[in-house]
>>> print(open('entry.pdb').read())   # PDB, C-alpha atoms
ATOM      1  CA  MET A   1      15.021  74.260 176.002  1.00  0.00           C
ATOM      2  CA  ARG A   2      16.576  71.991 173.425  1.00  0.00           C
ATOM      3  CA  ALA A   3      19.874  73.824 173.032  1.00  0.00           C
ATOM      4  CA  PRO A   4      21.668  72.584 169.923  1.00  0.00           C
ATOM      5  CA  LEU A   5      24.652  70.442 170.754  1.00  0.00           C
ATOM      6  CA  ARG A   6      26.972  68.965 168.197  1.00  0.00           C
ATOM      7  CA  THR A   7      30.700  68.589 168.311  1.00  0.00           C
ATOM      8  CA  ALA A   8      32.437  70.614 165.628  1.00  0.00           C
ATOM      9  CA  CYS A   9      35.443  68.589 164.664  1.00  0.00           C
ATOM     10  CA  ALA A  10      37.894  68.531 161.822  1.00  0.00           C
ATOM     11  CA  THR A  11      39.998  65.438 161.291  1.00  0.00           C
ATOM     12  CA  GLY A  12      43.308  65.845 159.540  1.00  0.00           C
ATOM     13  CA  THR A  13      42.639  67.576 156.244  1.00  0.00           C
ATOM     14  CA  ASP A  14      38.859  67.241 156.319  1.00  0.00           C
ATOM     15  CA  LEU A  15      37.873  70.791 157.300  1.00  0.00           C
ATOM     16  CA  THR A  16      34.430  70.475 155.711  1.00  0.00           C
ATOM     17  CA  ASN A  17      33.218  68.497 158.738  1.00  0.00           C
ATOM     18  CA  ALA A  18      33.854  71.456 161.050  1.00  0.00           C
ATOM     19  CA  ASP A  19      32.190  73.851 158.593  1.00  0.00           C
ATOM     20  CA  HIS A  20      29.203  71.540 158.242  1.00  0.00           C
ATOM     21  CA  ASP A  21      28.908  71.113 162.019  1.00  0.00           C
ATOM     22  CA  THR A  22      29.120  74.863 162.596  1.00  0.00           C
ATOM     23  CA  ALA A  23      26.440  75.491 159.967  1.00  0.00           C
ATOM     24  CA  TRP A  24      24.235  72.878 161.646  1.00  0.00           C
ATOM     25  CA  VAL A  25      24.565  74.571 165.070  1.00  0.00           C
ATOM     26  CA  LYS A  26      23.749  77.971 163.539  1.00  0.00           C
ATOM     27  CA  ALA A  27      20.666  76.568 161.797  1.00  0.00           C
ATOM     28  CA  ARG A  28      19.381  74.870 164.960  1.00  0.00           C
ATOM     29  CA  THR A  29      19.943  78.043 166.979  1.00  0.00           C
ATOM     30  CA  LYS A  30      17.899  80.026 164.451  1.00  0.00           C
ATOM     31  CA  GLU A  31      15.115  77.424 164.680  1.00  0.00           C
ATOM     32  CA  VAL A  32      14.972  77.634 168.478  1.00  0.00           C
ATOM     33  CA  ALA A  33      14.980  81.439 168.281  1.00  0.00           C
ATOM     34  CA  ALA A  34      12.161  81.389 165.731  1.00  0.00           C
ATOM     35  CA  GLU A  35      10.093  79.145 168.022  1.00  0.00           C
ATOM     36  CA  ALA A  36      10.635  81.601 170.886  1.00  0.00           C
ATOM     37  CA  MET A  37       9.705  84.558 168.676  1.00  0.00           C
ATOM     38  CA  LEU A  38       6.458  82.895 167.646  1.00  0.00           C
ATOM     39  CA  LEU A  39       5.340  83.032 171.270  1.00  0.00           C
ATOM     40  CA  PHE A  40       5.293  86.831 171.149  1.00  0.00           C
ATOM     41  CA  LEU A  41       2.201  86.778 168.939  1.00  0.00           C
ATOM     42  CA  HIS A  42       0.114  85.604 171.925  1.00  0.00           C
ATOM     43  CA  LEU A  43       0.532  89.116 173.321  1.00  0.00           C
ATOM     44  CA  GLY A  44      -1.641  90.689 170.625  1.00  0.00           C
ATOM     45  CA  PHE A  45       0.443  93.805 169.917  1.00  0.00           C
ATOM     46  CA  GLU A  46       0.563  94.896 166.268  1.00  0.00           C
ATOM     47  CA  SER A  47       4.055  96.425 166.501  1.00  0.00           C
ATOM     48  CA  VAL A  48       5.425  93.224 168.081  1.00  0.00           C
ATOM     49  CA  ASP A  49       3.656  91.102 165.464  1.00  0.00           C
ATOM     50  CA  ALA A  50       5.185  93.168 162.652  1.00  0.00           C
ATOM     51  CA  ALA A  51       8.711  92.860 164.065  1.00  0.00           C
ATOM     52  CA  ALA A  52       8.364  89.116 164.765  1.00  0.00           C
ATOM     53  CA  SER A  53       6.892  88.475 161.339  1.00  0.00           C
ATOM     54  CA  GLN A  54       9.863  90.245 159.764  1.00  0.00           C
ATOM     55  CA  CYS A  55      12.366  88.166 161.726  1.00  0.00           C
ATOM     56  CA  VAL A  56      10.628  84.777 161.554  1.00  0.00           C
ATOM     57  CA  GLY A  57       9.137  85.229 158.111  1.00  0.00           C
ATOM     58  CA  PRO A  58       5.525  85.854 157.123  1.00  0.00           C
ATOM     59  CA  ALA A  59       5.134  82.321 155.743  1.00  0.00           C
ATOM     60  CA  THR A  60       5.809  80.882 159.210  1.00  0.00           C
ATOM     61  CA  TYR A  61       4.282  83.648 161.307  1.00  0.00           C
ATOM     62  CA  GLY A  62       0.959  84.030 159.461  1.00  0.00           C
ATOM     63  CA  PRO A  63      -0.392  80.472 159.861  1.00  0.00           C
ATOM     64  CA  TYR A  64       0.754  80.301 163.490  1.00  0.00           C
ATOM     65  CA  LYS A  65      -0.977  83.608 164.249  1.00  0.00           C
ATOM     66  CA  ARG A  66      -4.293  82.421 162.811  1.00  0.00           C
ATOM     67  CA  GLU A  67      -4.345  79.484 165.244  1.00  0.00           C
ATOM     68  CA  ALA A  68      -2.951  81.190 168.362  1.00  0.00           C
ATOM     69  CA  ALA A  69      -4.858  82.386 171.408  1.00  0.00           C
ATOM     70  CA  ILE A  70      -4.321  86.054 172.257  1.00  0.00           C
ATOM     71  CA  LEU A  71      -4.175  87.394 175.814  1.00  0.00           C
ATOM     72  CA  PRO A  72      -6.794  89.994 176.794  1.00  0.00           C
ATOM     73  CA  VAL A  73      -5.919  93.607 176.022  1.00  0.00           C
ATOM     74  CA  ASP A  74      -6.032  94.739 179.655  1.00  0.00           C
ATOM     75  CA  GLU A  75      -3.369  92.274 180.868  1.00  0.00           C
ATOM     76  CA  SER A  76      -0.248  94.380 180.262  1.00  0.00           C
ATOM     77  CA  GLN A  77       1.471  93.275 183.479  1.00  0.00           C
ATOM     78  CA  ILE A  78       1.027  89.597 182.589  1.00  0.00           C
ATOM     79  CA  LYS A  79       2.258  90.235 179.053  1.00  0.00           C
ATOM     80  CA  LEU A  80       5.382  91.969 180.321  1.00  0.00           C
ATOM     81  CA  PHE A  81       5.982  89.203 182.854  1.00  0.00           C
ATOM     82  CA  LEU A  82       5.689  86.492 180.172  1.00  0.00           C
ATOM     83  CA  THR A  83       8.037  88.402 177.893  1.00  0.00           C
ATOM     84  CA  ARG A  84      10.734  88.858 180.512  1.00  0.00           C
ATOM     85  CA  TYR A  85      10.635  85.544 182.327  1.00  0.00           C
ATOM     86  CA  SER A  86       9.415  83.091 179.724  1.00  0.00           C
ATOM     87  CA  TYR A  87       9.835  84.173 176.120  1.00  0.00           C
ATOM     88  CA  MET A  88      13.258  85.795 176.479  1.00  0.00           C
ATOM     89  CA  SER A  89      14.609  83.035 178.717  1.00  0.00           C
ATOM     90  CA  ARG A  90      13.912  80.441 176.028  1.00  0.00           C
ATOM     91  CA  ILE A  91      16.670  81.819 173.859  1.00  0.00           C
ATOM     92  CA  GLN A  92      18.947  82.649 176.814  1.00  0.00           C
ATOM     93  CA  CYS A  93      19.504  78.970 177.631  1.00  0.00           C
ATOM     94  CA  VAL A  94      20.632  78.412 174.050  1.00  0.00           C
ATOM     95  CA  ALA A  95      22.970  81.398 174.306  1.00  0.00           C
ATOM     96  CA  ARG A  96      24.686  79.811 177.281  1.00  0.00           C
ATOM     97  CA  SER A  97      25.253  76.631 175.244  1.00  0.00           C
ATOM     98  CA  VAL A  98      26.682  78.023 172.008  1.00  0.00           C
ATOM     99  CA  SER A  99      29.290  80.637 171.136  1.00  0.00           C
ATOM    100  CA  SER A 100      28.378  84.306 170.990  1.00  0.00           C
ATOM    101  CA  SER A 101      29.082  84.391 167.243  1.00  0.00           C
ATOM    102  CA  VAL A 102      26.180  81.969 166.815  1.00  0.00           C
ATOM    103  CA  SER A 103      23.812  83.365 169.447  1.00  0.00           C
ATOM    104  CA  SER A 104      24.197  87.139 169.066  1.00  0.00           C
ATOM    105  CA  GLY A 105      21.777  87.493 166.121  1.00  0.00           C
ATOM    106  CA  PRO A 106      18.928  85.517 167.719  1.00  0.00           C
ATOM    107  CA  LEU A 107      19.491  87.275 171.060  1.00  0.00           C
ATOM    108  CA  GLN A 108      19.328  90.713 169.451  1.00  0.00           C
ATOM    109  CA  ALA A 109      16.174  89.769 167.535  1.00  0.00           C
ATOM    110  CA  THR A 110      14.519  88.549 170.743  1.00  0.00           C
ATOM    111  CA  GLY A 111      15.671  91.747 172.454  1.00  0.00           C
ATOM    112  CA  LEU A 112      14.012  93.772 169.706  1.00  0.00           C
ATOM    113  CA  LEU A 113      10.727  91.978 170.385  1.00  0.00           C
ATOM    114  CA  ALA A 114      11.097  92.602 174.121  1.00  0.00           C
ATOM    115  CA  VAL A 115      11.617  96.327 173.507  1.00  0.00           C
ATOM    116  CA  GLU A 116       8.586  96.433 171.190  1.00  0.00           C
ATOM    117  CA  THR A 117       6.523  94.615 173.841  1.00  0.00           C
ATOM    118  CA  THR A 118       7.605  97.040 176.558  1.00  0.00           C
ATOM    119  CA  ALA A 119       6.702 100.015 174.379  1.00  0.00           C
ATOM    120  CA  ALA A 120       3.303  98.499 173.581  1.00  0.00           C
ATOM    121  CA  CYS A 121       2.618  97.751 177.265  1.00  0.00           C
ATOM    122  CA  ALA A 122       3.445 101.401 178.026  1.00  0.00           C
ATOM    123  CA  GLY A 123       0.890 102.514 175.445  1.00  0.00           C
ATOM    124  CA  LEU A 124       3.442 103.682 172.896  1.00  0.00           C
ATOM    125  CA  ALA A 125       3.001 103.074 169.176  1.00  0.00           C
ATOM    126  CA  SER A 126       6.501 101.695 168.632  1.00  0.00           C
ATOM    127  CA  ALA A 127       9.874 101.102 170.254  1.00  0.00           C
ATOM    128  CA  ARG A 128      11.069 104.167 168.315  1.00  0.00           C
ATOM    129  CA  ASP A 129       9.229 106.200 170.963  1.00  0.00           C
ATOM    130  CA  LEU A 130      11.685 104.925 173.610  1.00  0.00           C
ATOM    131  CA  THR A 131      15.131 106.454 174.016  1.00  0.00           C
ATOM    132  CA  ALA A 132      18.217 104.327 173.406  1.00  0.00           C
ATOM    133  CA  ASP A 133      18.825 104.209 177.172  1.00  0.00           C
ATOM    134  CA  GLN A 134      15.288 102.998 177.828  1.00  0.00           C
ATOM    135  CA  GLN A 135      15.663 100.316 175.180  1.00  0.00           C
ATOM    136  CA  ALA A 136      18.932  99.142 176.716  1.00  0.00           C
ATOM    137  CA  ARG A 137      17.306  98.984 180.158  1.00  0.00           C
ATOM    138  CA  VAL A 138      14.643  96.630 178.802  1.00  0.00           C
ATOM    139  CA  VAL A 139      17.214  94.146 177.527  1.00  0.00           C
ATOM    140  CA  SER A 140      19.892  94.521 180.236  1.00  0.00           C
ATOM    141  CA  PRO A 141      18.322  92.416 183.029  1.00  0.00           C
ATOM    142  CA  THR A 142      18.070  89.377 180.783  1.00  0.00           C
ATOM    143  CA  ARG A 143      21.618  89.519 179.444  1.00  0.00           C
ATOM    144  CA  PHE A 144      22.937  87.223 182.178  1.00  0.00           C
ATOM    145  CA  SER A 145      26.506  88.466 182.518  1.00  0.00           C
ATOM    146  CA  GLY A 146      27.181  89.615 179.001  1.00  0.00           C
ATOM    147  CA  ILE A 147      25.649  86.865 176.894  1.00  0.00           C
ATOM    148  CA  ILE A 148      24.657  89.486 174.334  1.00  0.00           C
ATOM    149  CA  PRO A 149      27.992  90.699 172.949  1.00  0.00           C
ATOM    150  CA  GLY A 150      28.522  94.264 171.886  1.00  0.00           C
ATOM    151  CA  SER A 151      26.125  97.139 172.301  1.00  0.00           C
ATOM    152  CA  TRP A 152      22.377  97.005 171.820  1.00  0.00           C
ATOM    153  CA  GLN A 153      21.350  97.863 168.287  1.00  0.00           C
ATOM    154  CA  ARG A 154      17.890  99.036 167.415  1.00  0.00           C
ATOM    155  CA  GLY A 155      15.914  97.010 164.904  1.00  0.00           C
ATOM    156  CA  CYS A 156      17.075  94.123 162.792  1.00  0.00           C
ATOM    157  CA  GLY A 157      20.649  95.377 162.711  1.00  0.00           C
ATOM    158  CA  SER A 158      23.981  93.779 161.945  1.00  0.00           C
ATOM    159  CA  GLY A 159      23.795  90.555 163.941  1.00  0.00           C
ATOM    160  CA  VAL A 160      20.091  90.116 163.360  1.00  0.00           C
ATOM    161  CA  ASP A 161      20.119  90.358 159.576  1.00  0.00           C
ATOM    162  CA  SER A 162      21.167  86.735 159.205  1.00  0.00           C
ATOM    163  CA  LEU A 163      18.246  85.620 161.360  1.00  0.00           C
ATOM    164  CA  CYS A 164      15.726  87.893 159.683  1.00  0.00           C
ATOM    165  CA  SER A 165      16.787  86.907 156.191  1.00  0.00           C
ATOM    166  CA  SER A 166      16.443  83.165 156.686  1.00  0.00           C
TER
END
>>> encode(input="entry.pdb", output="structure tokens")
Amino acid sequence: MRAPLRTACATGTDLTNADHDTAWVKARTKEVAAEAMLLFLHLGFESVDAAASQCVGPATYGPYKREAAILPVDESQIKLFLTRYSYMSRIQCVARSVSSSVSSGPLQATGLLAVETTAACAGLASARDLTADQQARVVSPTRFSGIIPGSWQRGCGSGVDSLCSS
């Protein structure tokens, strides 16, 4: 899935190379996460669209949405299947390739979209209608042995702010 790979190295006194390389990996990870989040708009759920637009940015999300095909309304099982086994796995392969300090924000943002999708498939207006335990159960199966560090946080919280603001 095009996981960013670049050696972060500092030679002697030149620490700016390591900083530059780390910044590059973070930027590429955010790009891959944004590409994965754009796929959620094919589901056609307003609450998911609003959350993805906030994280990816309306300038990117709007034009992509105008051109995208939307799945039929009555295909909730297919939408949930695509979310779990396609959309979320796109960012998981990146998470296995980079450190958790780089991948936690994009993983939490993708988890937010998965929770919103699950709520919409269940006929709920928003993920706020799910309990914290239910939200955690949506994200847990795709964590792959603790790739998402720390506890699940609702919304664009601490680790997600950096992704949502770029």
>>> resolve_selection(input="entry.pdb", expression="the PyMOL selection byres ((chain A and resi 65) around 12)", output="list in words")
Met37, Leu38, Leu39, Phe40, Leu41, His42, Leu43, Gly44, Phe45, Glu46, Asp49, Ala50, Ala52, Ser53, Val56, Gly57, Pro58, Ala59, Thr60, Tyr61, Gly62, Pro63, Tyr64, Arg66, Glu67, Ala68, Ala69 and Ile70 of chain A
>>> resolve_selection(input="entry.pdb", expression="the PyMOL selection byres ((chain A and resi 73-77) around 9)", output="list in words")
Leu43, Gly44, Phe45, Ile70, Leu71, Pro72, Ile78, Lys79, Leu80, Phe81, Leu82, Ala120, Cys121 and Ala122 of chain A
>>> write_last_selection(input="entry.pdb", atoms="C-alpha atoms", output="compact mmCIF listing (two decimals), in the frame of the given file")
# COMPACT_ATOMS: atom_id res chain seq x y z
CA LEU A 43 0.53 89.12 173.32
CA GLY A 44 -1.64 90.69 170.62
CA PHE A 45 0.44 93.80 169.92
CA ILE A 70 -4.32 86.05 172.26
CA LEU A 71 -4.18 87.39 175.81
CA PRO A 72 -6.79 89.99 176.79
CA ILE A 78 1.03 89.60 182.59
CA LYS A 79 2.26 90.24 179.05
CA LEU A 80 5.38 91.97 180.32
CA PHE A 81 5.98 89.20 182.85
CA LEU A 82 5.69 86.49 180.17
CA ALA A 120 3.30 98.50 173.58
CA CYS A 121 2.62 97.75 177.26
CA ALA A 122 3.44 101.40 178.03
>>> closest_residue(input="entry.pdb", among="A:Thr29, A:Asp133, A:Ala109, A:Ser103", to="Ala51 of chain A", atoms="all atoms listed in the file")
A:Ala109
>>> residues_around(input="entry.pdb", residues="Ala125 of chain A", least_positions_apart="5", cutoff="12 Å", atoms="only C-alpha atoms", output="PDB file with C-alpha atoms, in the coordinates of the input")
ATOM      1  CA  PHE A  45       0.443  93.805 169.917  1.00  0.00           C
ATOM      2  CA  GLU A  46       0.563  94.896 166.268  1.00  0.00           C
ATOM      3  CA  SER A  47       4.055  96.425 166.501  1.00  0.00           C
ATOM      4  CA  VAL A  48       5.425  93.224 168.081  1.00  0.00           C
ATOM      5  CA  VAL A 115      11.617  96.327 173.507  1.00  0.00           C
ATOM      6  CA  GLU A 116       8.586  96.433 171.190  1.00  0.00           C
ATOM      7  CA  THR A 117       6.523  94.615 173.841  1.00  0.00           C
ATOM      8  CA  THR A 118       7.605  97.040 176.558  1.00  0.00           C
ATOM      9  CA  ALA A 119       6.702 100.015 174.379  1.00  0.00           C
ATOM     10  CA  ALA A 120       3.303  98.499 173.581  1.00  0.00           C
ATOM     11  CA  LEU A 130      11.685 104.925 173.610  1.00  0.00           C
TER      12      LEU A 130
END
>>> atom_distance(input="entry.pdb", atom1="atom CA of Val138 of chain A", atom2="atom CA of Ser89 of chain A")
13.6 Å
>>> atom_distance(input="entry.pdb", atom1="atom CA of Ala132 of chain A", atom2="atom CA of Ile91 of chain A")
22.6 Å
>>> atom_distance(input="entry.pdb", atom1="atom CA of Ala23 of chain A", atom2="atom CA of Tyr87 of chain A")
24.7 Å
>>> closest_residue(input="entry.pdb", among="A:Cys55, A:Leu113, A:Asp21, A:Val32", to="Arg90 of chain A", atoms="only C-alpha atoms")
A:Val32
